[in-house]
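Coordinates as given in my_file_39.txt (compact mmCIF, C-alpha atoms (C1' of nucleotides)):
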# COMPACT_ATOMS: atom_id res chain seq x y z
CA MET A 9 61.36 -159.99 283.63
CA HIS A 10 61.77 -156.82 285.59
CA ASP A 11 64.42 -155.87 288.06
CA ALA A 12 65.33 -152.74 289.94
CA ARG A 13 68.45 -152.02 287.95
CA GLY A 14 67.80 -149.79 284.99
CA ARG A 15 64.57 -148.44 286.38
CA THR A 16 64.44 -144.75 287.08
CA GLY A 17 62.01 -142.16 288.32
CA LYS A 18 58.47 -143.28 288.89
CA ALA A 19 59.03 -146.87 287.83
CA ALA A 20 61.62 -147.27 290.56
CA ASP A 21 59.38 -145.47 293.05
CA ILE A 22 56.57 -147.88 292.28
CA LEU A 23 58.83 -150.88 292.72
CA VAL A 24 60.07 -149.62 296.08
CA ALA A 25 56.55 -148.91 297.27
CA ALA A 26 55.35 -152.30 296.10
CA ARG A 27 58.18 -154.05 297.89
CA ARG A 28 57.39 -152.30 301.14
CA GLU A 29 53.68 -153.04 300.92
CA PHE A 30 54.04 -156.68 299.86
CA LEU A 31 56.60 -157.42 302.55
CA LYS A 32 54.38 -155.83 305.14
CA SER A 33 51.06 -157.43 304.25
CA GLY A 34 51.53 -160.26 301.78
CA PHE A 35 49.98 -160.47 298.34
CA GLY A 36 46.24 -160.60 298.85
CA ALA A 37 45.93 -157.89 301.46
CA VAL A 38 47.71 -155.25 299.37
CA SER A 39 45.75 -153.11 296.93
CA MET A 40 47.06 -151.37 293.85
CA ASP A 41 45.56 -148.22 295.35
CA ALA A 42 47.82 -148.53 298.36
CA ILE A 43 50.90 -149.06 296.19
CA ALA A 44 50.03 -146.05 294.03
CA ARG A 45 49.45 -143.89 297.08
CA GLU A 46 52.69 -145.06 298.70
CA ALA A 47 54.61 -144.32 295.50
CA GLY A 48 53.01 -140.90 295.12
CA VAL A 49 51.54 -141.61 291.69
CA SER A 50 48.13 -142.42 290.31
CA LYS A 51 46.95 -145.94 289.86
CA ALA A 52 46.92 -145.54 286.08
CA THR A 53 50.63 -144.79 286.19
CA VAL A 54 51.24 -148.05 287.99
CA TYR A 55 49.45 -149.87 285.22
CA ALA A 56 51.45 -147.96 282.62
CA HIS A 57 54.64 -149.55 283.96
CA PHE A 58 53.46 -152.99 285.05
CA ASP A 59 50.93 -155.27 283.43
CA GLY A 60 49.07 -155.96 286.66
CA LYS A 61 49.31 -156.89 290.28
CA GLU A 62 50.72 -160.35 289.67
CA GLU A 63 53.47 -159.14 287.40
CA LEU A 64 54.41 -156.43 289.85
CA PHE A 65 54.51 -158.98 292.65
CA GLY A 66 56.76 -161.26 290.63
CA ALA A 67 59.13 -158.42 289.84
CA VAL A 68 59.42 -157.49 293.51
CA ILE A 69 60.02 -161.02 294.76
CA SER A 70 62.52 -161.98 292.06
CA GLU A 71 64.53 -158.85 292.57
CA MET A 72 64.59 -159.24 296.36
CA SER A 73 65.49 -162.92 296.27
CA GLU A 74 68.44 -162.38 294.02
CA ARG A 75 69.71 -159.27 295.74
CA TYR A 76 69.29 -160.39 299.30
CA PHE A 77 71.66 -163.32 299.45
CA GLY A 78 74.43 -161.80 297.35
CA GLY A 79 76.54 -160.77 300.34
CA PHE A 80 76.75 -164.21 301.87
CA SER A 81 80.22 -165.64 301.39
CA ALA A 82 82.46 -168.15 303.14
CA SER A 83 85.56 -167.63 301.03
CA GLU A 84 87.38 -165.47 303.59
CA LEU A 85 87.27 -168.02 306.38
CA ASP A 86 90.26 -169.88 307.78
CA PRO A 87 89.85 -173.64 307.14
CA VAL A 88 92.32 -174.55 309.90
CA ASP A 89 90.30 -172.92 312.68
CA ALA A 90 87.11 -174.88 312.12
CA ALA A 91 85.42 -173.86 315.36
CA GLY A 92 86.07 -170.16 314.93
CA SER A 93 85.21 -170.08 311.24
CA LEU A 94 82.01 -172.06 311.63
CA THR A 95 80.90 -169.80 314.45
CA THR A 96 81.46 -166.75 312.27
CA LEU A 97 79.67 -168.44 309.41
CA ALA A 98 76.73 -169.43 311.58
CA ARG A 99 76.39 -165.93 312.97
CA GLN A 100 76.49 -164.41 309.50
CA PHE A 101 73.93 -166.93 308.30
CA LEU A 102 71.60 -166.20 311.20
CA GLU A 103 71.94 -162.46 310.78
CA LEU A 104 70.82 -162.81 307.18
CA LEU A 105 68.11 -165.36 307.92
CA LEU A 106 66.47 -163.61 310.87
CA SER A 107 66.49 -160.07 309.56
CA PRO A 108 62.96 -158.67 309.38
CA ASP A 109 63.09 -158.41 305.59
CA ALA A 110 64.25 -162.00 305.19
CA ILE A 111 61.54 -163.28 307.50
CA ALA A 112 58.94 -161.28 305.63
CA LEU A 113 60.24 -162.63 302.32
CA ASN A 114 60.11 -166.17 303.67
CA ARG A 115 56.57 -165.67 304.85
CA ILE A 116 55.25 -164.32 301.61
CA ILE A 117 56.92 -166.91 299.38
CA ILE A 118 55.80 -169.81 301.55
CA ALA A 119 52.30 -168.38 301.48
CA GLU A 120 52.11 -167.79 297.74
CA VAL A 121 54.29 -170.51 296.24
CA THR A 122 51.22 -172.58 295.45
CA ARG A 123 49.80 -169.77 293.36
CA PHE A 124 53.15 -168.64 291.92
CA PRO A 125 55.39 -171.70 291.65
CA ALA A 126 58.06 -169.84 289.69
CA LEU A 127 58.80 -167.66 292.71
CA GLY A 128 59.67 -170.70 294.76
CA GLU A 129 62.23 -171.74 292.18
CA VAL A 130 63.75 -168.25 291.96
CA PHE A 131 64.03 -167.93 295.72
CA TRP A 132 65.39 -171.42 296.21
CA GLN A 133 68.21 -170.92 293.73
CA ALA A 134 69.11 -167.48 295.03
CA GLY A 135 68.81 -168.40 298.70
CA PRO A 136 69.16 -171.91 300.12
CA GLU A 137 70.95 -173.35 297.11
CA ARG A 138 73.48 -170.55 296.97
CA THR A 139 74.22 -170.52 300.69
CA ARG A 140 74.49 -174.30 300.71
CA ALA A 141 77.13 -174.16 297.99
CA GLN A 142 79.12 -171.54 299.92
CA ILE A 143 79.04 -173.66 303.06
CA ALA A 144 79.95 -176.85 301.19
CA THR A 145 82.97 -175.17 299.64
CA PHE A 146 84.25 -174.15 303.04
CA LEU A 147 83.63 -177.60 304.51
CA ARG A 148 85.69 -179.16 301.71
CA ARG A 149 88.56 -176.83 302.45
CA ALA A 150 88.34 -177.58 306.17
CA ALA A 151 88.22 -181.31 305.53
CA ALA A 152 91.28 -181.00 303.32
CA ALA A 153 93.01 -179.06 306.09
CA GLY A 154 92.19 -181.87 308.51
CA SER A 155 90.10 -179.77 310.87
CA LEU A 156 86.84 -181.54 310.04
CA ASP A 157 85.92 -185.17 309.41
CA ILE A 158 83.54 -184.94 306.47
CA ALA A 159 82.94 -187.34 303.60
CA ASP A 160 79.89 -185.80 301.92
CA ALA A 161 80.33 -182.03 301.85
CA GLN A 162 76.95 -181.34 300.23
CA GLY A 163 75.14 -183.36 302.87
CA ALA A 164 77.17 -181.90 305.72
CA ALA A 165 76.45 -178.40 304.41
CA ASP A 166 72.74 -179.16 304.59
CA GLN A 167 73.20 -180.39 308.14
CA PHE A 168 75.12 -177.30 309.12
CA ALA A 169 72.54 -174.99 307.57
CA THR A 170 69.77 -176.97 309.22
CA LEU A 171 71.41 -176.93 312.65
CA THR A 172 72.11 -173.22 312.39
CA ARG A 173 68.65 -172.33 311.23
CA GLY A 174 67.44 -174.51 314.01
CA GLU A 175 64.53 -173.71 316.23
CA ILE A 176 65.06 -169.97 316.31
CA HIS A 177 64.11 -169.61 312.67
CA GLN A 178 60.86 -171.45 313.33
CA ARG A 179 60.22 -169.22 316.31
CA HIS A 180 60.56 -166.17 314.13
CA LEU A 181 58.40 -167.55 311.33
CA PHE A 182 55.62 -168.40 313.75
CA GLY A 183 55.86 -165.05 315.48
CA ARG A 184 56.99 -166.50 318.79
CA GLU A 185 60.08 -164.29 318.90
CA THR A 186 61.36 -161.15 317.23
CA ASN A 187 64.66 -160.74 319.04
CA THR A 188 67.58 -160.51 316.62
CA GLY A 189 70.10 -159.01 319.03
CA PRO A 190 73.75 -160.11 319.04
CA ALA A 191 73.35 -162.10 322.24
CA ALA A 192 70.55 -164.25 320.86
CA LEU A 193 72.40 -164.77 317.58
CA ASN A 194 75.62 -165.71 319.31
CA ALA A 195 73.91 -168.19 321.57
CA ALA A 196 72.14 -169.86 318.66
CA ALA A 197 75.33 -169.95 316.60
CA ARG A 198 77.31 -171.47 319.43
CA THR A 199 74.75 -174.20 320.05
CA ALA A 200 74.68 -175.14 316.38
CA VAL A 201 78.47 -175.20 316.04
CA ASP A 202 78.84 -177.23 319.24
CA THR A 203 76.60 -179.96 317.95
CA PHE A 204 78.08 -179.86 314.47
CA LEU A 205 81.58 -180.25 315.88
CA ARG A 206 80.49 -183.09 318.12
CA ALA A 207 79.40 -184.86 314.95
CA PHE A 208 82.07 -183.80 312.49
CA GLY A 209 84.98 -182.38 314.48
CA THR A 210 88.43 -183.97 314.64
CA ARG A 211 89.61 -182.51 317.90
CA GLY A 212 88.74 -183.57 321.44
CA LYS A 213 86.85 -186.84 320.97
CA MET B 26 36.08 -170.66 321.06
CA HIS B 27 34.75 -173.22 318.65
CA ASP B 28 35.91 -176.70 317.94
CA ALA B 29 34.66 -179.60 315.87
CA ARG B 30 33.52 -181.65 318.81
CA GLY B 31 29.95 -181.02 319.74
CA ARG B 32 29.06 -179.57 316.37
CA THR B 33 26.52 -181.40 314.34
CA GLY B 34 24.69 -181.07 311.06
CA LYS B 35 25.26 -177.88 309.12
CA ALA B 36 27.64 -176.34 311.62
CA ALA B 37 29.98 -179.28 311.20
CA ASP B 38 29.54 -179.19 307.42
CA ILE B 39 30.51 -175.54 307.37
CA LEU B 40 33.58 -176.17 309.47
CA VAL B 41 34.69 -179.00 307.21
CA ALA B 42 34.16 -176.91 304.10
CA ALA B 43 35.99 -173.97 305.61
CA ARG B 44 38.92 -176.16 306.58
CA ARG B 45 39.22 -177.52 303.06
CA GLU B 46 39.02 -174.10 301.45
CA PHE B 47 41.39 -172.35 303.85
CA LEU B 48 43.98 -175.12 303.61
CA LYS B 49 43.79 -175.01 299.85
CA SER B 50 43.95 -171.26 299.27
CA GLY B 51 44.88 -169.43 302.44
CA PHE B 52 42.80 -166.79 304.18
CA GLY B 53 42.54 -163.89 301.77
CA ALA B 54 41.80 -165.85 298.63
CA VAL B 55 38.80 -167.67 300.11
CA SER B 56 35.35 -166.12 300.01
CA MET B 57 32.45 -166.81 302.30
CA ASP B 58 30.47 -167.57 299.15
CA ALA B 59 32.86 -170.38 298.31
CA ILE B 60 32.62 -171.85 301.79
CA ALA B 61 28.83 -171.69 301.74
CA ARG B 62 28.72 -173.33 298.32
CA GLU B 63 31.16 -176.04 299.40
CA ALA B 64 29.12 -176.73 302.52
CA GLY B 65 25.87 -176.84 300.57
CA VAL B 66 24.22 -174.06 302.55
CA SER B 67 23.47 -170.40 302.02
CA LYS B 68 25.82 -167.68 303.12
CA ALA B 69 23.34 -166.47 305.69
CA THR B 70 23.49 -169.86 307.36
CA VAL B 71 27.22 -169.55 307.66
CA TYR B 72 26.76 -166.25 309.44
CA ALA B 73 24.13 -167.78 311.68
CA HIS B 74 26.78 -170.16 313.07
CA PHE B 75 29.92 -168.05 312.97
CA ASP B 76 30.36 -164.37 313.65
CA GLY B 77 32.40 -163.73 310.52
CA LYS B 78 35.25 -164.82 308.35
CA GLU B 79 37.95 -164.18 310.92
CA GLU B 80 36.19 -166.11 313.64
CA LEU B 81 35.58 -169.03 311.29
CA PHE B 82 39.22 -169.00 310.30
CA GLY B 83 40.33 -169.02 313.90
CA ALA B 84 38.02 -171.92 314.69
CA VAL B 85 39.41 -173.96 311.82
CA ILE B 86 43.05 -173.33 312.64
CA SER B 87 42.72 -173.90 316.37
CA GLU B 88 40.86 -177.12 315.89
CA MET B 89 43.35 -178.43 313.32
CA SER B 90 46.38 -177.47 315.36
CA GLU B 91 45.18 -179.23 318.44
CA ARG B 92 43.88 -182.30 316.70
CA TYR B 93 46.74 -182.83 314.31
CA PHE B 94 49.55 -183.45 316.72
CA GLY B 95 47.61 -185.53 319.21
CA GLY B 96 48.85 -188.86 317.87
CA PHE B 97 52.52 -188.07 318.23
CA SER B 98 54.00 -190.02 321.10
CA ALA B 99 57.39 -191.36 322.09
CA SER B 100 56.33 -193.26 325.17
CA GLU B 101 56.35 -196.72 323.53
CA LEU B 102 59.98 -196.55 322.43
CA ASP B 103 62.81 -198.66 323.86
CA PRO B 104 65.39 -196.40 325.55
CA VAL B 105 68.12 -199.02 325.30
CA ASP B 106 68.03 -199.23 321.51
CA ALA B 107 68.74 -195.56 320.85
CA ALA B 108 69.45 -195.92 317.14
CA GLY B 109 66.35 -197.93 316.38
CA SER B 110 64.05 -195.86 318.54
CA LEU B 111 65.31 -192.56 317.21
CA THR B 112 64.88 -193.77 313.65
CA THR B 113 61.30 -194.75 314.36
CA LEU B 114 60.73 -191.45 316.07
CA ALA B 115 62.24 -189.47 313.21
CA ARG B 116 60.16 -191.32 310.64
CA GLN B 117 57.00 -190.75 312.63
CA PHE B 118 57.88 -187.08 313.02
CA LEU B 119 58.53 -186.66 309.31
CA GLU B 120 55.35 -188.44 308.34
CA LEU B 121 53.40 -185.99 310.45
CA LEU B 122 55.38 -182.96 309.35
CA LEU B 123 55.38 -183.56 305.62
CA SER B 124 51.79 -184.66 305.17
CA PRO B 125 49.95 -182.37 302.75
CA ASP B 126 47.63 -181.12 305.47
CA ALA B 127 50.48 -180.29 307.83
CA ILE B 128 52.36 -178.43 305.12
CA ALA B 129 49.23 -176.50 304.21
CA LEU B 130 48.65 -175.68 307.88
CA ASN B 131 52.24 -174.50 308.23
CA ARG B 132 51.89 -172.32 305.17
CA ILE B 133 48.74 -170.62 306.25
CA ILE B 134 49.84 -169.94 309.81
CA ILE B 135 53.21 -168.56 308.73
CA ALA B 136 51.40 -166.35 306.25
CA GLU B 137 48.77 -165.02 308.64
CA VAL B 138 50.48 -164.99 312.01
CA THR B 139 51.18 -161.28 311.65
CA ARG B 140 47.48 -160.58 311.28
CA PHE B 141 46.35 -163.24 313.78
CA PRO B 142 49.05 -163.56 316.44
CA ALA B 143 46.90 -165.79 318.63
CA LEU B 144 46.98 -168.54 316.02
CA GLY B 145 50.75 -168.66 316.20
CA GLU B 146 50.53 -169.26 319.93
CA VAL B 147 47.89 -171.96 319.59
CA PHE B 148 49.82 -173.78 316.89
CA TRP B 149 53.12 -173.50 318.69
CA GLN B 150 51.79 -175.03 321.87
CA ALA B 151 49.94 -177.82 320.09
CA GLY B 152 52.73 -178.56 317.62
CA PRO B 153 56.41 -177.81 318.18
CA GLU B 154 56.15 -177.45 321.94
CA ARG B 155 54.26 -180.67 322.37
CA THR B 156 56.49 -182.73 320.10
CA ARG B 157 59.57 -181.25 321.73
CA ALA B 158 58.37 -182.39 325.13
CA GLN B 159 57.73 -185.91 323.84
CA ILE B 160 61.19 -186.10 322.36
CA ALA B 161 62.84 -184.67 325.47
CA THR B 162 61.15 -187.26 327.66
CA PHE B 163 62.47 -190.08 325.53
CA LEU B 164 65.98 -188.58 325.46
CA ARG B 165 65.99 -188.44 329.25
CA ARG B 166 65.05 -192.09 329.44
CA ALA B 167 67.74 -193.03 326.92
CA ALA B 168 70.35 -191.00 328.78
CA ALA B 169 69.38 -192.75 332.00
CA ALA B 170 69.71 -196.08 330.21
CA GLY B 171 73.18 -195.09 329.08
CA SER B 172 72.47 -195.27 325.38
CA LEU B 173 72.84 -191.53 324.81
CA ASP B 174 75.25 -188.92 326.16
CA ILE B 175 72.96 -185.97 326.85
CA ALA B 176 73.15 -183.29 329.52
CA ASP B 177 70.43 -180.87 328.39
CA ALA B 178 67.44 -182.90 327.23
CA GLN B 179 65.40 -179.85 326.21
CA GLY B 180 68.19 -178.53 324.05
CA ALA B 181 68.99 -181.92 322.58
CA ALA B 182 65.32 -182.41 321.75
CA ASP B 183 65.39 -179.16 319.80
CA GLN B 184 68.46 -180.35 317.97
CA PHE B 185 66.87 -183.67 317.16
CA ALA B 186 63.69 -182.04 315.89
CA THR B 187 65.74 -179.55 313.90
CA LEU B 188 67.94 -182.22 312.33
CA THR B 189 64.95 -184.37 311.49
CA ARG B 190 62.94 -181.52 310.01
CA GLY B 191 66.09 -180.67 308.13
CA GLU B 192 66.19 -179.52 304.58
CA ILE B 193 63.32 -181.68 303.35
CA HIS B 194 60.80 -179.67 305.31
CA GLN B 195 62.08 -176.48 303.71
CA ARG B 196 61.88 -178.11 300.30
CA HIS B 197 58.24 -178.92 300.89
CA LEU B 198 57.37 -175.49 302.24
CA PHE B 199 58.93 -173.79 299.22
CA GLY B 200 57.27 -176.18 296.81
CA ARG B 201 60.51 -177.73 295.62
CA GLU B 202 59.36 -181.23 296.44
CA THR B 203 56.13 -183.04 297.14
CA ASN B 204 57.40 -186.58 297.55
CA THR B 205 56.35 -188.08 300.88
CA GLY B 206 56.95 -191.73 299.99
CA PRO B 207 58.49 -194.15 302.49
CA ALA B 208 61.86 -194.20 300.70
CA ALA B 209 62.31 -190.43 300.95
CA LEU B 210 61.16 -190.42 304.57
CA ASN B 211 63.47 -193.25 305.53
CA ALA B 212 66.46 -191.64 303.90
CA ALA B 213 65.82 -188.32 305.65
CA ALA B 214 65.26 -190.06 308.99
CA ARG B 215 68.46 -192.07 308.67
CA THR B 216 70.55 -189.02 307.82
CA ALA B 217 69.20 -187.11 310.80
CA VAL B 218 69.71 -189.99 313.22
CA ASP B 219 73.24 -190.63 311.92
CA THR B 220 74.30 -187.10 312.63
CA PHE B 221 72.49 -187.00 315.96
CA LEU B 222 74.21 -190.17 317.08
CA ARG B 223 77.59 -188.89 315.94
CA ALA B 224 77.01 -185.98 318.30
CA PHE B 225 75.21 -187.63 321.20
CA GLY B 226 75.73 -191.37 320.86
CA THR B 227 77.69 -193.48 323.34
CA ARG B 228 78.60 -196.37 321.09
CA GLY B 229 81.33 -196.55 318.42
CA LYS B 230 83.38 -193.41 318.98
C1' DG C 30 53.50 -140.75 280.72
C1' DT C 31 50.52 -139.02 283.73
C1' DC C 32 46.42 -137.67 285.71
C1' DT C 33 41.03 -137.85 287.13
C1' DA C 34 37.03 -140.29 286.84
C1' DT C 35 34.78 -144.43 286.27
C1' DA C 36 33.38 -149.14 284.72
C1' DC C 37 32.72 -153.65 286.35
C1' DA C 38 33.26 -157.73 289.20
C1' DG C 39 33.50 -159.61 293.55
C1' DT C 40 33.63 -159.17 298.60
C1' DG C 41 31.74 -159.49 303.60
C1' DA C 42 27.72 -158.91 305.75
C1' DT C 43 22.50 -158.37 306.53
C1' DA C 44 17.08 -157.86 306.04
C1' DG C 45 13.00 -160.10 305.69
C1' DA C 46 10.10 -164.15 304.38
C1' DC C 47 9.26 -168.79 305.78
C1' DG D 22 17.64 -171.95 311.30
C1' DT D 23 17.44 -171.38 306.74
C1' DC D 24 16.76 -169.36 302.52
C1' DT D 25 16.72 -165.49 298.56
C1' DA D 26 17.76 -161.08 297.50
C1' DT D 27 20.30 -157.18 298.28
C1' DC D 28 23.33 -153.74 300.48
C1' DA D 29 27.60 -151.02 300.93
C1' DC D 30 32.08 -151.33 299.92
C1' DT D 31 36.59 -152.36 297.88
C1' DG D 32 39.20 -154.44 294.39
C1' DT D 33 41.46 -154.53 289.62
C1' DA D 34 41.65 -152.44 285.56
C1' DT D 35 40.73 -148.89 281.92
C1' DA D 36 39.03 -144.46 279.06
C1' DG D 37 39.84 -140.06 277.87
C1' DA D 38 41.94 -135.47 278.67
C1' DC D 39 46.35 -133.27 278.83

Just give me the structure as structure tokens.
Amino acid sequence: MHDARGRTGKAADILVAARREFLKSGFGAVSMDAIAREAGVSKATVYAHFDGKEELFGAVISEMSERYFGGFSASELDPVDAAGSLTTLARQFLELLLSPDAIALNRIIIAEVTRFPALGEVFWQAGPERTRAQIATFLRRAAAAGSLDIADAQGAADQFATLTRGEIHQRHLFGRETNTGPAALNAAARTAVDTFLRAFGTRGK
Amino acid sequence: MHDARGRTGKAADILVAARREFLKSGFGAVSMDAIAREAGVSKATVYAHFDGKEELFGAVISEMSERYFGGFSASELDPVDAAGSLTTLARQFLELLLSPDAIALNRIIIAEVTRFPALGEVFWQAGPERTRAQIATFLRRAAAAGSLDIADAQGAADQFATLTRGEIHQRHLFGRETNTGPAALNAAARTAVDTFLRAFGTRGK
DNA sequence: GTCTATACAGTGATAGAC
DNA sequence: GTCTATCACTGTATAGAC
């Protein structure tokens, strides 16, 4: 298994170039020529560092999947202020999810998971599974604090992630929208939190 | 623009073969040779009926998108029995959404929408937009009947579709699950409807 | 390790006979 | 319209010089 850490000089250049090209055009439409050119090396040098196109692709996707979701955390949130914390969480989640790189990564994995099943597993653990666990942990704390009415934290975390992802994620995946401005994110986050609180909140109704 | 209706003989054979190949392997990994072989004709015959690979691809995707979602309807449902009707609706929605062909169609459009933006538009209108409208119409009827507490039917329809699609759709797209049996569908439908009713129901709480 | 040059397979697309 | 045969091109991968 390859990752970006520990690679220096041309090997790192190749990995960076490959990432850019794959994210831009997918797997099939990218040539080793293009990667070599982008990295400023000859094609033979690419093959000196990586066994082939498939291995290089796997290295890029694994490294991105694991690196990309590392910053997502819910441990700093206040479990008493459920509405405020969930809104912050939703906005953070959407910012991560709708970023051009994340959308491109989604696209390429969904497209190629049939051919490279291992990449689906790597991405799923690093992404959805990890974020779900973060959300569930917060929901348990909020339930303990009495600000949410939740029995199954795992299930509720899925619901929250689902509601937050919502339609806007689909719109991005299908190229119907590219707007990731704060206003759009805030609106989507608010809608998701509103519905979630209607279902699982303890205040008001 | 081409569609399946009106095509006969070899032209129809080619379209069927192309659909099968594209759904199986995506756009880039399919060769015109393979389509010709699958259809039992020569490659030249393929080019006699379609201008090229891109045009053939567009014909396949457009035709599938428009045909696939035609059977989805919410007009037969009873607006008084919100819980029962929504469960039926969710199950019907999931059955459509998780079928192997629908997943394959999702995959390929998400993968290629950057290269073929028009296909995203065609699919979106035929799929999500159409189903959303069906759902919204039912929600309006249920709200009028007093069985649901909904102000914005469009928005609530998005929420319902989102909740129903939920995590299981993601799991299928990322190859984490292939189970589309009735038990799995029922469980997913029930979870979605439970949460939706907690947020928008008029009975109980 | 790194380069240039190239082998070799496979691609989309077409010409010409029927 | 349909076929066989072929074109021009691009792709992955490698040999050999340095």

Pick from A:Phe182, A:Val54, A:Thr203, A:Ala144: nearest to Phe185 of chain B, with only C-alpha atoms counted?
-> A:Thr203

Excluding segment 73-89 of chain B and residues on its chain fewer than 3 positions from it, collect all residues at most 8 Å away from it, counting only C-alpha atoms (C1' of nucleotides), and give them as a PyMOL selection string.
-> (chain B and resi 26-29+36+40+43-44+47+52+57+69-70+92-93+130+144+147-148) or (chain C and resi 41) or (chain D and resi 22)

Just C-alpha atoms (C1' of nucleotides) for this one: save the residues we selected as a PDB file, keeping the file's coordinate frame.
ATOM      1  CA  MET B  26      36.080-170.660 321.060  1.00  0.00           C
ATOM      2  CA  HIS B  27      34.750-173.220 318.650  1.00  0.00           C
ATOM      3  CA  ASP B  28      35.910-176.700 317.940  1.00  0.00           C
ATOM      4  CA  ALA B  29      34.660-179.600 315.870  1.00  0.00           C
ATOM      5  CA  ALA B  36      27.640-176.340 311.620  1.00  0.00           C
ATOM      6  CA  LEU B  40      33.580-176.170 309.470  1.00  0.00           C
ATOM      7  CA  ALA B  43      35.990-173.970 305.610  1.00  0.00           C
ATOM      8  CA  ARG B  44      38.920-176.160 306.580  1.00  0.00           C
ATOM      9  CA  PHE B  47      41.390-172.350 303.850  1.00  0.00           C
ATOM     10  CA  PHE B  52      42.800-166.790 304.180  1.00  0.00           C
ATOM     11  CA  MET B  57      32.450-166.810 302.300  1.00  0.00           C
ATOM     12  CA  ALA B  69      23.340-166.470 305.690  1.00  0.00           C
ATOM     13  CA  THR B  70      23.490-169.860 307.360  1.00  0.00           C
ATOM     14  CA  ARG B  92      43.880-182.300 316.700  1.00  0.00           C
ATOM     15  CA  TYR B  93      46.740-182.830 314.310  1.00  0.00           C
ATOM     16  CA  LEU B 130      48.650-175.680 307.880  1.00  0.00           C
ATOM     17  CA  LEU B 144      46.980-168.540 316.020  1.00  0.00           C
ATOM     18  CA  VAL B 147      47.890-171.960 319.590  1.00  0.00           C
ATOM     19  CA  PHE B 148      49.820-173.780 316.890  1.00  0.00           C
TER      20      PHE B 148
ATOM     21  C1'  DG C  41      31.740-159.490 303.600  1.00  0.00           C
TER      22       DG C  41
ATOM     23  C1'  DG D  22      17.640-171.950 311.300  1.00  0.00           C
TER      24       DG D  22
END

With all atoms listed in the file as the atoms that count, which of B:Gly65, B:Gly34, B:Pro207, B:Gly53 lies nearest to chain C?
->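 That would be B:Gly53, the residue with the smallest distance to chain C.
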
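By all atoms listed in the file, and with residues fewer than 2 positions from DA26 of chain D along its chain excluded, the set lying at most 12 Å from it is Ser67, Lys68 and Ala69 of chain B; DT43, DA44, DG45 and DA46 of chain C; DC24 and DC28 of chain D.
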
Closest contacts (segment 102-133 of chain B/segment 174-183 of chain B, max 12 Å, all atoms listed in the file) as a tab-separated table:
residue	atom	partner	partner_atom	distance
B:Ala107	CA	B:Asp174	CA	10.7
B:Leu111	CA	B:Ala182	CA	11.1
B:Leu114	CA	B:Ala182	CA	11.6
B:Ala115	CA	B:Ala182	CA	11.5

Expressed in Å to a single decimal, how great is the separation between atom CA of Ala119 of chain A and atom CA of Arg132 of chain B?
->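 That distance, rounded to one decimal, is 5.4 Å.
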
To one decimal in Å, tell me the separation between atom CA of Gly96 of chain B and atom CA of Thr156 of chain B.
->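 For atom CA of Gly96 of chain B relative to atom CA of Thr156 of chain B, the distance reads 10.0 Å.
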
Using only C-alpha atoms, find which residues of chain A lie within 8 Å of chain B and jot them down as a ChimeraX atom specification.
-> /A:34,36-37,115-119,121-122,125,128-129,132,166-167,170-171,174-175,181-184,203-208,213

Write out, as a tab-separated table (two decimals), in the frame of the given file, the residues just selected, with C-alpha atoms.
chain	number	residue	atom	x	y	z
A	34	GLY	CA	51.53	-160.26	301.78
A	36	GLY	CA	46.24	-160.60	298.85
A	37	ALA	CA	45.93	-157.89	301.46
A	115	ARG	CA	56.57	-165.67	304.85
A	116	ILE	CA	55.25	-164.32	301.61
A	117	ILE	CA	56.92	-166.91	299.38
A	118	ILE	CA	55.80	-169.81	301.55
A	119	ALA	CA	52.30	-168.38	301.48
A	121	VAL	CA	54.29	-170.51	296.24
A	122	THR	CA	51.22	-172.58	295.45
A	125	PRO	CA	55.39	-171.70	291.65
A	128	GLY	CA	59.67	-170.70	294.76
A	129	GLU	CA	62.23	-171.74	292.18
A	132	TRP	CA	65.39	-171.42	296.21
A	166	ASP	CA	72.74	-179.16	304.59
A	167	GLN	CA	73.20	-180.39	308.14
A	170	THR	CA	69.77	-176.97	309.22
A	171	LEU	CA	71.41	-176.93	312.65
A	174	GLY	CA	67.44	-174.51	314.01
A	175	GLU	CA	64.53	-173.71	316.23
A	181	LEU	CA	58.40	-167.55	311.33
A	182	PHE	CA	55.62	-168.40	313.75
A	183	GLY	CA	55.86	-165.05	315.48
A	184	ARG	CA	56.99	-166.50	318.79
A	203	THR	CA	76.60	-179.96	317.95
A	204	PHE	CA	78.08	-179.86	314.47
A	205	LEU	CA	81.58	-180.25	315.88
A	206	ARG	CA	80.49	-183.09	318.12
A	207	ALA	CA	79.40	-184.86	314.95
A	208	PHE	CA	82.07	-183.80	312.49
A	213	LYS	CA	86.85	-186.84	320.97

Pick out the chain D residues within 10 Å of chain A. Count all atoms listed in the file. Give them as a count of residues only.
-> 5

Could you give me, as JSON lines, a per-residue list for chain C showing, wherever an atom lies at most 12 Å from an atom of chain A, the closest pair of atoms and their distance in Å to one decimal, using only C-alpha atoms (C1' of nucleotides) and sorting by chain then residue number from low to high?
{"residue": "C:DG30", "atom": "C1'", "partner": "A:Thr53", "partner_atom": "CA", "distance": 7.4}
{"residue": "C:DT31", "atom": "C1'", "partner": "A:Thr53", "partner_atom": "CA", "distance": 6.3}
{"residue": "C:DC32", "atom": "C1'", "partner": "A:Ser50", "partner_atom": "CA", "distance": 6.8}
{"residue": "C:DT33", "atom": "C1'", "partner": "A:Ser50", "partner_atom": "CA", "distance": 9.0}
{"residue": "C:DA34", "atom": "C1'", "partner": "A:Ala52", "partner_atom": "CA", "distance": 11.2}
